[in-house]
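Here's model.tsv, which has TSV, C-alpha atoms:
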chain	number	residue	atom	x	y	z
A	29	MET	CA	-43.49	87.67	-5.10
A	30	PHE	CA	-43.45	90.05	-8.10
A	31	GLY	CA	-47.22	89.55	-8.40
A	32	MET	CA	-46.83	85.93	-9.42
A	33	ASP	CA	-48.23	84.16	-6.36
A	34	ASN	CA	-51.40	82.84	-7.97
A	35	VAL	CA	-50.17	82.00	-11.48
A	36	SER	CA	-50.30	78.61	-13.16
A	37	HIS	CA	-47.29	76.36	-12.66
A	38	LYS	CA	-44.86	75.23	-15.33
A	39	ARG	CA	-43.42	71.71	-15.46
A	40	THR	CA	-40.00	72.91	-16.67
A	41	SER	CA	-37.96	76.03	-16.05
A	42	ALA	CA	-37.34	76.59	-19.78
A	43	PRO	CA	-38.25	75.19	-23.18
A	44	THR	CA	-36.12	72.27	-24.35
A	45	HIS	CA	-34.05	74.45	-26.66
A	46	LEU	CA	-33.94	77.80	-24.85
A	47	LYS	CA	-32.87	80.48	-27.32
A	48	LEU	CA	-33.06	84.02	-25.99
A	49	SER	CA	-31.56	86.98	-27.81
A	50	LYS	CA	-31.11	90.71	-27.42
A	51	ASP	CA	-34.36	91.09	-29.37
A	52	GLU	CA	-33.33	94.58	-30.48
A	53	GLU	CA	-36.74	95.26	-32.04
A	54	GLY	CA	-38.64	94.06	-28.96
A	55	ILE	CA	-40.38	96.18	-26.36
A	56	SER	CA	-38.16	97.26	-23.47
A	57	VAL	CA	-39.13	96.51	-19.87
A	58	ASP	CA	-38.22	98.08	-16.57
A	59	GLN	CA	-34.54	97.28	-16.01
A	60	SER	CA	-34.84	97.63	-12.23
A	61	LEU	CA	-37.69	95.10	-12.03
A	62	TYR	CA	-35.85	92.66	-14.32
A	63	ARG	CA	-32.66	92.88	-12.27
A	64	SER	CA	-34.58	92.43	-9.04
A	65	MET	CA	-36.24	89.30	-10.39
A	66	ILE	CA	-32.91	87.94	-11.66
A	67	GLY	CA	-31.30	88.62	-8.28
A	68	SER	CA	-33.97	86.58	-6.54
A	69	LEU	CA	-33.48	83.71	-8.97
A	70	LEU	CA	-29.69	83.83	-8.60
A	71	TYR	CA	-30.18	83.40	-4.86
A	72	LEU	CA	-32.27	80.29	-5.56
A	73	THR	CA	-29.61	78.73	-7.81
A	74	ALA	CA	-27.52	78.08	-4.69
A	75	SER	CA	-29.94	75.29	-3.81
A	76	GLY	CA	-31.56	74.66	-7.18
A	77	PRO	CA	-29.44	73.09	-9.91
A	78	ASP	CA	-32.58	72.62	-12.00
A	79	ILE	CA	-32.84	76.36	-12.70
A	80	ALA	CA	-29.12	77.21	-13.00
A	81	PHE	CA	-28.93	77.06	-16.80
A	82	ALA	CA	-32.16	78.96	-17.49
A	83	VAL	CA	-31.28	81.69	-14.98
A	84	GLY	CA	-27.76	81.94	-16.42
A	85	VAL	CA	-29.19	82.61	-19.87
A	86	CYS	CA	-31.57	85.28	-18.53
A	87	VAL	CA	-28.77	87.03	-16.65
A	88	ARG	CA	-27.13	87.92	-19.96
A	89	TYR	CA	-29.92	90.37	-20.82
A	90	GLN	CA	-29.93	92.63	-17.76
A	91	VAL	CA	-28.58	95.66	-19.60
A	92	GLU	CA	-31.50	96.04	-22.02
A	93	PRO	CA	-34.20	93.54	-21.06
A	94	LYS	CA	-37.08	93.03	-23.48
A	95	VAL	CA	-40.53	91.50	-23.05
A	96	SER	CA	-39.28	88.18	-24.47
A	97	ASN	CA	-36.56	88.05	-21.80
A	98	LEU	CA	-39.02	88.95	-19.04
A	99	ASN	CA	-41.41	86.23	-20.20
A	100	GLN	CA	-38.65	83.63	-19.73
A	101	VAL	CA	-37.90	84.97	-16.23
A	102	LYS	CA	-41.60	84.70	-15.40
A	103	ARG	CA	-41.60	81.11	-16.66
A	104	ILE	CA	-38.80	80.27	-14.22
A	105	PHE	CA	-40.81	81.81	-11.38
A	106	LYS	CA	-43.84	79.74	-12.40
A	107	TYR	CA	-41.67	76.63	-12.31
A	108	VAL	CA	-40.20	77.54	-8.91
A	109	ASN	CA	-43.69	78.27	-7.57
A	110	GLY	CA	-44.81	74.77	-8.55
A	111	THR	CA	-41.71	72.99	-7.21
A	112	SER	CA	-41.08	74.87	-3.97
A	113	ASP	CA	-41.62	71.72	-1.91
A	114	TYR	CA	-38.96	69.77	-3.83
A	115	GLY	CA	-35.52	69.21	-2.37
A	116	ILE	CA	-32.25	67.36	-2.77
A	117	LEU	CA	-31.96	64.08	-0.90
A	118	TYR	CA	-28.58	63.29	0.64
A	119	THR	CA	-27.66	59.83	1.81
A	120	HIS	CA	-24.93	58.61	4.09
A	121	GLY	CA	-22.93	55.44	4.17
A	122	CYS	CA	-22.16	55.34	0.45
A	123	ASP	CA	-18.76	55.04	-1.20
A	124	PRO	CA	-17.25	58.57	-1.14
A	125	VAL	CA	-16.07	58.68	-4.75
A	126	LEU	CA	-15.95	62.09	-6.41
A	127	THR	CA	-17.57	62.03	-9.87
A	128	ARG	CA	-17.98	64.87	-12.36
A	129	TYR	CA	-20.31	65.05	-15.33
A	130	CYS	CA	-19.99	67.83	-17.86
A	131	ASP	CA	-21.46	68.90	-21.17
A	132	ALA	CA	-21.36	71.85	-23.52
A	133	GLU	CA	-23.88	73.03	-26.05
A	134	TRP	CA	-22.23	74.35	-29.18
A	135	ALA	CA	-22.80	77.95	-30.30
A	136	GLY	CA	-25.98	78.23	-28.24
A	137	SER	CA	-25.97	82.00	-27.81
A	138	ALA	CA	-27.95	83.58	-30.63
A	139	ASP	CA	-26.11	86.87	-30.12
A	140	ASP	CA	-22.44	85.90	-30.24
A	141	ARG	CA	-22.40	82.13	-31.03
A	142	LYS	CA	-20.57	81.28	-27.80
A	143	SER	CA	-21.14	77.94	-26.12
A	144	THR	CA	-22.33	77.22	-22.59
A	145	SER	CA	-20.63	74.63	-20.38
A	146	THR	CA	-22.59	72.82	-17.70
A	147	GLY	CA	-21.57	70.30	-15.12
A	148	CYS	CA	-22.28	68.69	-11.80
A	149	PHE	CA	-20.22	67.01	-9.08
A	150	PHE	CA	-21.27	64.03	-6.98
A	151	LEU	CA	-19.67	62.70	-3.83
A	152	GLY	CA	-20.94	59.15	-3.80
A	153	ASN	CA	-24.63	59.48	-4.68
A	154	ASN	CA	-24.89	63.04	-3.38
A	155	LEU	CA	-24.95	66.09	-5.64
A	156	ILE	CA	-22.55	68.58	-4.06
A	157	SER	CA	-21.91	71.22	-6.72
A	158	TRP	CA	-23.15	72.36	-10.13
A	159	LEU	CA	-22.32	74.98	-12.74
A	160	SER	CA	-23.55	76.58	-15.92
A	161	LYS	CA	-21.22	79.07	-17.56
A	162	LYS	CA	-21.01	80.82	-20.90
A	163	GLN	CA	-17.60	80.22	-22.46
A	164	SER	CA	-15.31	83.19	-23.04
A	165	CYS	CA	-14.46	82.36	-26.67
A	166	VAL	CA	-16.24	81.08	-29.76
A	167	SER	CA	-15.78	77.37	-30.49
A	168	LEU	CA	-15.37	76.32	-34.11
A	169	SER	CA	-16.68	72.80	-33.59
A	170	THR	CA	-18.58	70.61	-31.15
A	171	ALA	CA	-15.27	69.03	-30.12
A	172	GLU	CA	-13.90	72.45	-29.09
A	173	ALA	CA	-17.06	73.31	-27.20
Would you mind writing the structure in this file as structure tokens?
Amino acid sequence: MFGMDNVSHKRTSAPTHLKLSKDEEGISVDQSLYRSMIGSLLYLTASGPDIAFAVGVCVRYQVEPKVSNLNQVKRIFKYVNGTSDYGILYTHGCDPVLTRYCDAEWAGSADDRKSTSTGCFFLGNNLISWLSKKQSCVSLSTAEA
């Protein structure tokens, strides 16, 4: 898919501290191709919580994608290519307690200093939902984030 069938695999979908930006001085890439690639990855986030954050960051740059943004999208594809046989294991017979874990990284967007909230929901031991969303306002501290 997208000419990336025989590329080397990546062990993670993004670097530890993923920092993409508008890269206004960077080289522009085909917007249609970038959006098509992002659309495919968004489809995969429905069953892949491991790529949700990285894809969410890449989605922000669909209007004027640059080579640096496209390189991150390609890295996600390399990761997906190497982990396509992975899955989520669901068990039965466990205590059906709903548990939520959440986190926020403070001022992570290099462009507007907004934070990103992430979270996941478990029913017993089973992951049932996950999210990664850029916040709508700027936080002034880690406590606000």
For the point (-30.3, 81.1, -18.5) in the file's frame, write as a short mmCIF file (atom, residue, chain, number, x, y, z; two decimals) with C-alpha atoms, keeping the file's coordinate frame all residues with an atom no more than 12 Å away, counting only C-alpha atoms.
data_model
loop_
_atom_site.label_atom_id
_atom_site.label_comp_id
_atom_site.auth_asym_id
_atom_site.auth_seq_id
_atom_site.Cartn_x
_atom_site.Cartn_y
_atom_site.Cartn_z
CA SER A 41 -37.96 76.03 -16.05
CA ALA A 42 -37.34 76.59 -19.78
CA PRO A 43 -38.25 75.19 -23.18
CA HIS A 45 -34.05 74.45 -26.66
CA LEU A 46 -33.94 77.80 -24.85
CA LYS A 47 -32.87 80.48 -27.32
CA LEU A 48 -33.06 84.02 -25.99
CA SER A 49 -31.56 86.98 -27.81
CA ILE A 66 -32.91 87.94 -11.66
CA LEU A 69 -33.48 83.71 -8.97
CA LEU A 70 -29.69 83.83 -8.60
CA THR A 73 -29.61 78.73 -7.81
CA PRO A 77 -29.44 73.09 -9.91
CA ASP A 78 -32.58 72.62 -12.00
CA ILE A 79 -32.84 76.36 -12.70
CA ALA A 80 -29.12 77.21 -13.00
CA PHE A 81 -28.93 77.06 -16.80
CA ALA A 82 -32.16 78.96 -17.49
CA VAL A 83 -31.28 81.69 -14.98
CA GLY A 84 -27.76 81.94 -16.42
CA VAL A 85 -29.19 82.61 -19.87
CA CYS A 86 -31.57 85.28 -18.53
CA VAL A 87 -28.77 87.03 -16.65
CA ARG A 88 -27.13 87.92 -19.96
CA TYR A 89 -29.92 90.37 -20.82
CA GLN A 90 -29.93 92.63 -17.76
CA ASN A 97 -36.56 88.05 -21.80
CA LEU A 98 -39.02 88.95 -19.04
CA GLN A 100 -38.65 83.63 -19.73
CA VAL A 101 -37.90 84.97 -16.23
CA ARG A 103 -41.60 81.11 -16.66
CA ILE A 104 -38.80 80.27 -14.22
CA GLY A 136 -25.98 78.23 -28.24
CA SER A 137 -25.97 82.00 -27.81
CA THR A 144 -22.33 77.22 -22.59
CA SER A 145 -20.63 74.63 -20.38
CA THR A 146 -22.59 72.82 -17.70
CA LEU A 159 -22.32 74.98 -12.74
CA SER A 160 -23.55 76.58 -15.92
CA LYS A 161 -21.22 79.07 -17.56
CA LYS A 162 -21.01 80.82 -20.90
#
Checklist entry - Within 7 Å of Val166 of chain A, counting all atoms listed in the file, which residues qualify if same-chain residues fewer than 5 places away don't, as a PyMOL selection string? => result chain A and resi 141-143
Checklist entry - Hey, which of A:Asp33, A:Glu53, A:Asp113, A:Asp123 ends up closest to Gly152 of chain A? Count only C-alpha atoms. => result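 Comparing A:Asp33, A:Glu53, A:Asp113, A:Asp123 against Gly152 of chain A, the winner is A:Asp123.
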What's the 6 Å shell around Cys148 of chain A, counting all atoms listed in the file, without same-chain residues fewer than 2 positions away, as a JSON list (two decimals) with C-alpha atoms, keeping the file's coordinate frame?
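part-v2.json written:
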[["chain", "number", "residue", "atom", "x", "y", "z"],
["A", 128, "ARG", "CA", -17.98, 64.87, -12.36],
["A", 129, "TYR", "CA", -20.31, 65.05, -15.33],
["A", 157, "SER", "CA", -21.91, 71.22, -6.72],
["A", 158, "TRP", "CA", -23.15, 72.36, -10.13]]
Checklist entry - Distance atom CA of Tyr114 of chain A-atom CA of Arg39 of chain A, one decimal place? => result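 Result for atom CA of Tyr114 of chain A versus atom CA of Arg39 of chain A: 12.6 Å, one decimal.
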Checklist entry - What does the distance from atom CA of Val91 of chain A to atom CA of Ser68 of chain A come to in Å, to one decimal? => result 16.8 Å
Checklist entry - Can you tell me, as a list in words, what residues are no more than 9 Å from Thr119 of chain A when counting all atoms listed in the file, ignoring any on the same chain fewer than 2 positions away? => result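 Close residues of Thr119 of chain A: Leu117, Gly121, Cys122, Gly152, Asn153 and Asn154 of chain A.
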Enclose the full set of atoms of segment 133-152 of chain A listed in the file within a box whose edges lie along x, y and z, apply 8 Å of padding to each of the six sides, and report centre and edge lengths in Å to one decimal as JSON.
{"center_x": -23.8, "center_y": 73.0, "center_z": -17.4, "size_x": 24.3, "size_y": 43.7, "size_z": 43.2}
Checklist entry - Nearest to Asp140 of chain A among A:Gln163, A:Tyr62, A:Ile116, A:Pro124, with distances taken over all atoms listed in the file: which residue is it? => result A:Gln163
Checklist entry - In Å, with one decimal, what is the gap from atom CA of Ser164 of chain A to atom CA of Glu133 of chain A? => result 13.6 Å
